[in-house]
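Peer 1: Dropping in upload.txt, which is compact mmCIF, C-alpha atoms:
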# COMPACT_ATOMS: atom_id res chain seq x y z
CA MET P 1308 -4.73 5.86 14.34
CA HIS P 1309 -3.38 8.59 12.17
CA LYS P 1310 -2.72 8.23 8.47
CA ASN P 1311 0.27 6.04 7.53
CA GLU P 1312 0.26 4.39 10.95
CA THR P 1313 -0.03 0.65 11.24
CA ILE P 1314 -0.93 -1.66 14.08
CA ASP P 1315 2.76 -2.55 14.42
CA ASN P 1316 3.73 1.10 15.10
CA ILE P 1317 1.65 1.43 18.28
CA SER P 1318 3.88 2.47 21.18
CA PRO P 1319 4.20 -0.03 24.05
CA GLU P 1320 2.99 2.60 26.55
CA LEU P 1321 -0.21 3.22 24.58
CA LEU P 1322 -0.71 -0.52 24.16
CA GLU P 1323 -0.31 -1.06 27.90
CA ASP P 1324 -2.83 1.73 28.65
CA CYS P 1325 -5.35 0.19 26.24
CA ALA P 1326 -4.82 -3.28 27.69
CA GLN P 1327 -5.35 -1.95 31.23
CA LEU P 1328 -8.65 -0.33 30.14
CA VAL P 1329 -9.82 -3.54 28.49
CA LYS P 1330 -8.98 -5.53 31.61
CA ALA P 1331 -10.70 -2.99 33.89
CA ASN P 1332 -13.87 -2.95 31.74
CA SER P 1333 -14.15 -6.72 31.46
CA ILE P 1334 -16.31 -8.50 34.03
CA GLN P 1335 -14.33 -11.75 33.98
CA GLY P 1336 -10.94 -10.28 32.99
CA ASN P 1337 -10.95 -7.82 35.87
CA LYS P 1338 -10.83 -10.71 38.35
CA LEU P 1339 -7.99 -12.60 36.63
CA ASN P 1340 -4.22 -12.08 36.59
CA ASN P 1341 -1.87 -12.87 33.69
CA LEU P 1342 -4.54 -12.12 31.12
CA ASP P 1343 -3.90 -12.10 27.36
CA ILE P 1344 -5.59 -9.22 25.50
CA VAL P 1345 -6.14 -9.85 21.80
CA TYR P 1346 -6.13 -7.00 19.26
CA THR P 1347 -6.39 -6.90 15.48
CA PRO P 1348 -7.45 -4.46 12.75
CA TRP P 1349 -11.23 -4.10 12.47
CA SER P 1350 -11.14 -5.40 8.89
CA ASN P 1351 -9.83 -8.72 10.21
CA LEU P 1352 -12.88 -9.30 12.43
CA ARG P 1353 -15.39 -11.89 11.23
CA LYS P 1354 -18.87 -12.09 12.69
CA THR P 1355 -21.49 -14.56 11.50
CA ALA P 1356 -25.11 -15.00 12.55
CA ALA P 1357 -24.33 -18.36 14.19
CA MET P 1358 -21.92 -16.77 16.70
CA ASP P 1359 -22.92 -15.88 20.24
CA VAL P 1360 -23.21 -12.32 21.50
CA GLY P 1361 -19.71 -10.89 22.00
CA GLN P 1362 -18.05 -13.68 20.07
CA VAL P 1363 -15.97 -12.84 16.99
CA GLY P 1364 -13.68 -14.71 14.67
CA PHE P 1365 -10.76 -13.63 12.53
CA HIS P 1366 -10.30 -13.77 8.77
CA ASN P 1367 -6.51 -13.97 9.00
CA PRO P 1368 -5.02 -15.36 12.23
CA LYS P 1369 -1.61 -13.93 11.34
CA LEU P 1370 -2.92 -10.38 11.87
CA VAL P 1371 -4.01 -11.15 15.43
CA LYS P 1372 -1.70 -9.72 18.11
CA THR P 1373 -1.75 -10.32 21.84
CA VAL P 1374 -0.46 -8.41 24.84
CA ARG P 1375 -0.22 -9.85 28.34
CA VAL P 1376 -1.49 -7.93 31.36
CA GLU P 1377 0.07 -9.25 34.56
CA LYS P 1378 -2.29 -7.47 36.95
CA ARG P 1379 -4.53 -4.44 37.07
CA ILE P 1380 -2.74 -1.16 37.71
CA ASN P 1381 -5.29 1.15 39.30
CA GLU P 1382 -3.18 4.29 38.76
CA VAL P 1383 -3.30 3.82 34.98
CA VAL P 1384 -7.03 3.07 34.96
CA ASN P 1385 -7.83 6.06 37.21
CA ARG P 1386 -5.65 8.39 35.12
CA LEU P 1387 -7.42 7.30 31.94
CA ASN P 1388 -10.90 7.49 33.49
CA LYS P 1389 -10.24 11.10 34.58
CA THR P 1390 -9.65 12.12 30.96
CA LYS P 1391 -12.63 10.14 29.69
CA VAL P 1392 -14.94 12.06 27.35
CA GLU P 1393 -18.38 10.72 26.49
CA ARG P 1394 -19.61 11.65 23.04
CA THR P 1395 -22.03 10.28 20.48
CA PRO P 1396 -20.24 10.56 17.15
CA ASP P 1397 -21.98 10.87 13.81
CA LEU P 1398 -20.30 7.79 12.35
CA LYS P 1399 -21.94 8.11 8.95
CA GLY P 1400 -20.95 11.77 8.66
CA GLU P 1401 -17.39 11.08 9.78
CA ARG P 1402 -17.08 8.23 7.32
CA GLU P 1403 -18.46 10.37 4.47
CA SER P 1404 -16.05 13.22 5.25
CA TYR P 1405 -13.16 10.75 5.46
CA ASN P 1406 -14.13 9.22 2.11
CA ALA P 1407 -14.50 12.70 0.56
CA ALA P 1408 -11.03 13.65 1.78
CA GLU P 1409 -9.62 10.39 0.40
CA ARG P 1410 -11.31 11.02 -2.97
CA ALA P 1411 -9.98 14.58 -3.10
CA GLU P 1412 -6.48 13.39 -2.29
CA ARG P 1413 -6.68 10.65 -4.92
CA LYS P 1414 -7.99 13.14 -7.51
CA ALA P 1415 -5.16 15.57 -6.72
CA PHE P 1416 -2.62 12.75 -7.07
CA LEU P 1417 -4.11 11.63 -10.39
CA ARG P 1418 -4.24 15.24 -11.64
CA GLU P 1419 -0.57 15.72 -10.73
CA LYS P 1420 0.33 12.40 -12.35
CA LYS P 1421 -1.54 13.35 -15.52
CA ARG P 1422 0.19 16.75 -15.59
CA ARG P 1423 3.63 15.11 -15.22
CA GLU P 1424 2.79 12.62 -17.98
CA GLU P 1425 1.67 15.47 -20.25
CA LEU P 1426 4.89 17.39 -19.59
CA ALA P 1427 6.91 14.23 -20.26
CA ARG P 1428 4.99 13.67 -23.51
CA ILE P 1429 5.60 17.27 -24.63
CA GLU P 1430 9.30 16.96 -23.79
CA LYS P 1431 9.48 13.66 -25.67
CA ASP P 1432 7.79 15.26 -28.70
CA LYS P 1433 10.30 18.14 -28.59
CA GLN P 1434 13.21 15.74 -28.44
CA ALA P 1435 11.76 13.70 -31.31
CA GLU P 1436 11.33 16.91 -33.34
CA LEU P 1437 14.95 17.84 -32.70
CA ARG P 1438 16.14 14.40 -33.81
CA SER P 1439 13.99 14.30 -36.94
CA TYR P 1440 15.16 15.37 -40.40
CA LYS P 1441 11.84 16.95 -41.24
CA GLY P 1442 13.14 20.53 -41.03
CA LEU P 1443 16.32 19.75 -42.92
CA MET P 1444 14.88 19.53 -46.44
CA VAL P 1445 12.88 22.77 -46.71
CA ALA P 1446 12.12 23.93 -50.27
CA ASP P 1447 12.78 27.60 -49.42
CA LYS P 1448 16.36 26.88 -48.42
CA MET P 1449 17.17 24.79 -51.51
CA THR P 1450 18.68 26.08 -54.74
CA SER P 1451 18.53 24.29 -58.05
CA ASN P 1452 20.85 24.46 -61.02
CA LYS P 1453 18.29 26.62 -62.80
CA ASP P 1454 18.40 29.15 -59.92
CA ILE P 1455 22.17 29.26 -60.09
CA ALA P 1456 22.13 29.76 -63.85
CA SER P 1457 19.55 32.56 -63.57
CA LYS P 1458 21.77 34.48 -61.12
CA GLY P 1459 24.52 34.51 -63.72
CA LYS P 1460 27.16 32.81 -61.60
CA SER P 1461 28.98 29.74 -62.75
CA LEU P 1462 29.20 26.65 -60.68
CA GLN P 1463 32.91 27.20 -60.11
CA GLU P 1464 32.30 30.70 -58.74
CA LEU P 1465 29.61 29.38 -56.44
CA GLU P 1466 31.92 26.68 -55.06
CA GLU P 1467 34.64 29.25 -54.44
CA ASP P 1468 32.14 31.41 -52.54
CA PHE P 1469 31.18 28.38 -50.47
CA MET P 1470 34.77 27.69 -49.40
Translate the structure described by the file into structure tokens.
Peer 2:
Amino acid sequence: MHKNETIDNISPELLEDCAQLVKANSIQGNKLNNLDIVYTPWSNLRKTAAMDVGQVGFHNPKLVKTVRVEKRINEVVNRLNKTKVERTPDLKGERESYNAAERAERKAFLREKKRREELARIEKDKQAELRSYKGLMVADKMTSNKDIASKGKSLQELEEDFM
């Protein structure tokens, strides 16, 4: 399945094709009609040493889904067998590349998250600086009574200039 797909999103046509293949490739199931095919995510499969060959159990029975196959449809099986491709995949290599891609994606997400948090922190600091009174009481901008007296202006003249 592709990324962000779940077992519940599988189309009924694809599910029917898969069920027909399972029925056709089963020794006992091929001879029976009205057969229930069971499917579940691989992580839900449980296999212990005490189980027989081909026997599996399930960790969570709620994740187990079934689909009923009434009878074998040869047209579907033949169509699928014509497009069959035999290959021997490098499972370890595929898994490593998948994990590397996941790590890279997670790193990019964390980097972006960290960048957004840094920008938010800088913006918060700017807003806090604007709201603070730290820049209001600067010694260079202040005048004392001694400064006023040294300029030779009286207080009354200074107040008139202010208004």
Peer 1: Using only C-alpha atoms for the distances, tell me which of P:Gly1364, P:Thr1347, P:Arg1375, P:Gly1336 is nearest to Ile1317 of chain P.
Peer 2: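 Looking at the shortest contact to Ile1317 of chain P, the residue is P:Thr1347.
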Peer 1: Ile1344 of chain P: which residues within 7 Å, counting only C-alpha atoms, same-chain residues fewer than 6 positions away excluded, as an MDAnalysis selection string?
Peer 2: chainID P and resid 1326 1373:1375
Peer 1: Looking at P:Glu1320, P:Asn1351, P:Arg1410, P:Leu1465, which one is nearest to Lys1369 of chain P, with distances taken over only C-alpha atoms?
Peer 2: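 Answer, going by the shortest atom-to-atom distance: P:Asn1351.
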Peer 1: What is the distance between atom CA of Leu1352 of chain P and atom CA of Arg1402 of chain P, in Å to one decimal?
Peer 2: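 Separating atom CA of Leu1352 of chain P from atom CA of Arg1402 of chain P is a distance of 18.7 Å.
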Peer 1: Write out as a ChimeraX atom specification which residues come within 7 Å of Leu1328 of chain P when counting all atoms listed in the file, dropping same-chain ones fewer than 4 positions away.
Peer 2: /P:1324,1332,1384
Peer 1: Report, in Å to a single decimal, how far apart atom CA of Asp1343 of chain P and atom CA of Asn1316 of chain P are.
Peer 2: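 Computing it gives 19.6 Å between the two atoms.
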Peer 1: Record the distance separating atom CA of Ala1408 of chain P and atom CA of Glu1312 of chain P, expressed in Å with one decimal.
Peer 2: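 Distance reported for this atom pair: 17.2 Å.
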Peer 1: Considering all atoms listed in the file, state which residue in the set P:His1366, P:Lys1372, P:Arg1418, P:Lys1378 is at the smallest distance from Val1345 of chain P.
Peer 2: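 Using all atoms listed in the file, the shortest distance to Val1345 of chain P belongs to P:Lys1372.
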Peer 1: Taking all atoms of segment 1401-1407 of chain P that the file lists and extending 4 Å past them on each side, where is the centre of the axis-aligned box and how long are its edges? Answer in Å to one decimal, as AutoDock Vina command-line options.
Peer 2:
--center_x -15.8 --center_y 10.7 --center_z 5.2 --size_x 13.3 --size_y 13.0 --size_z 17.2
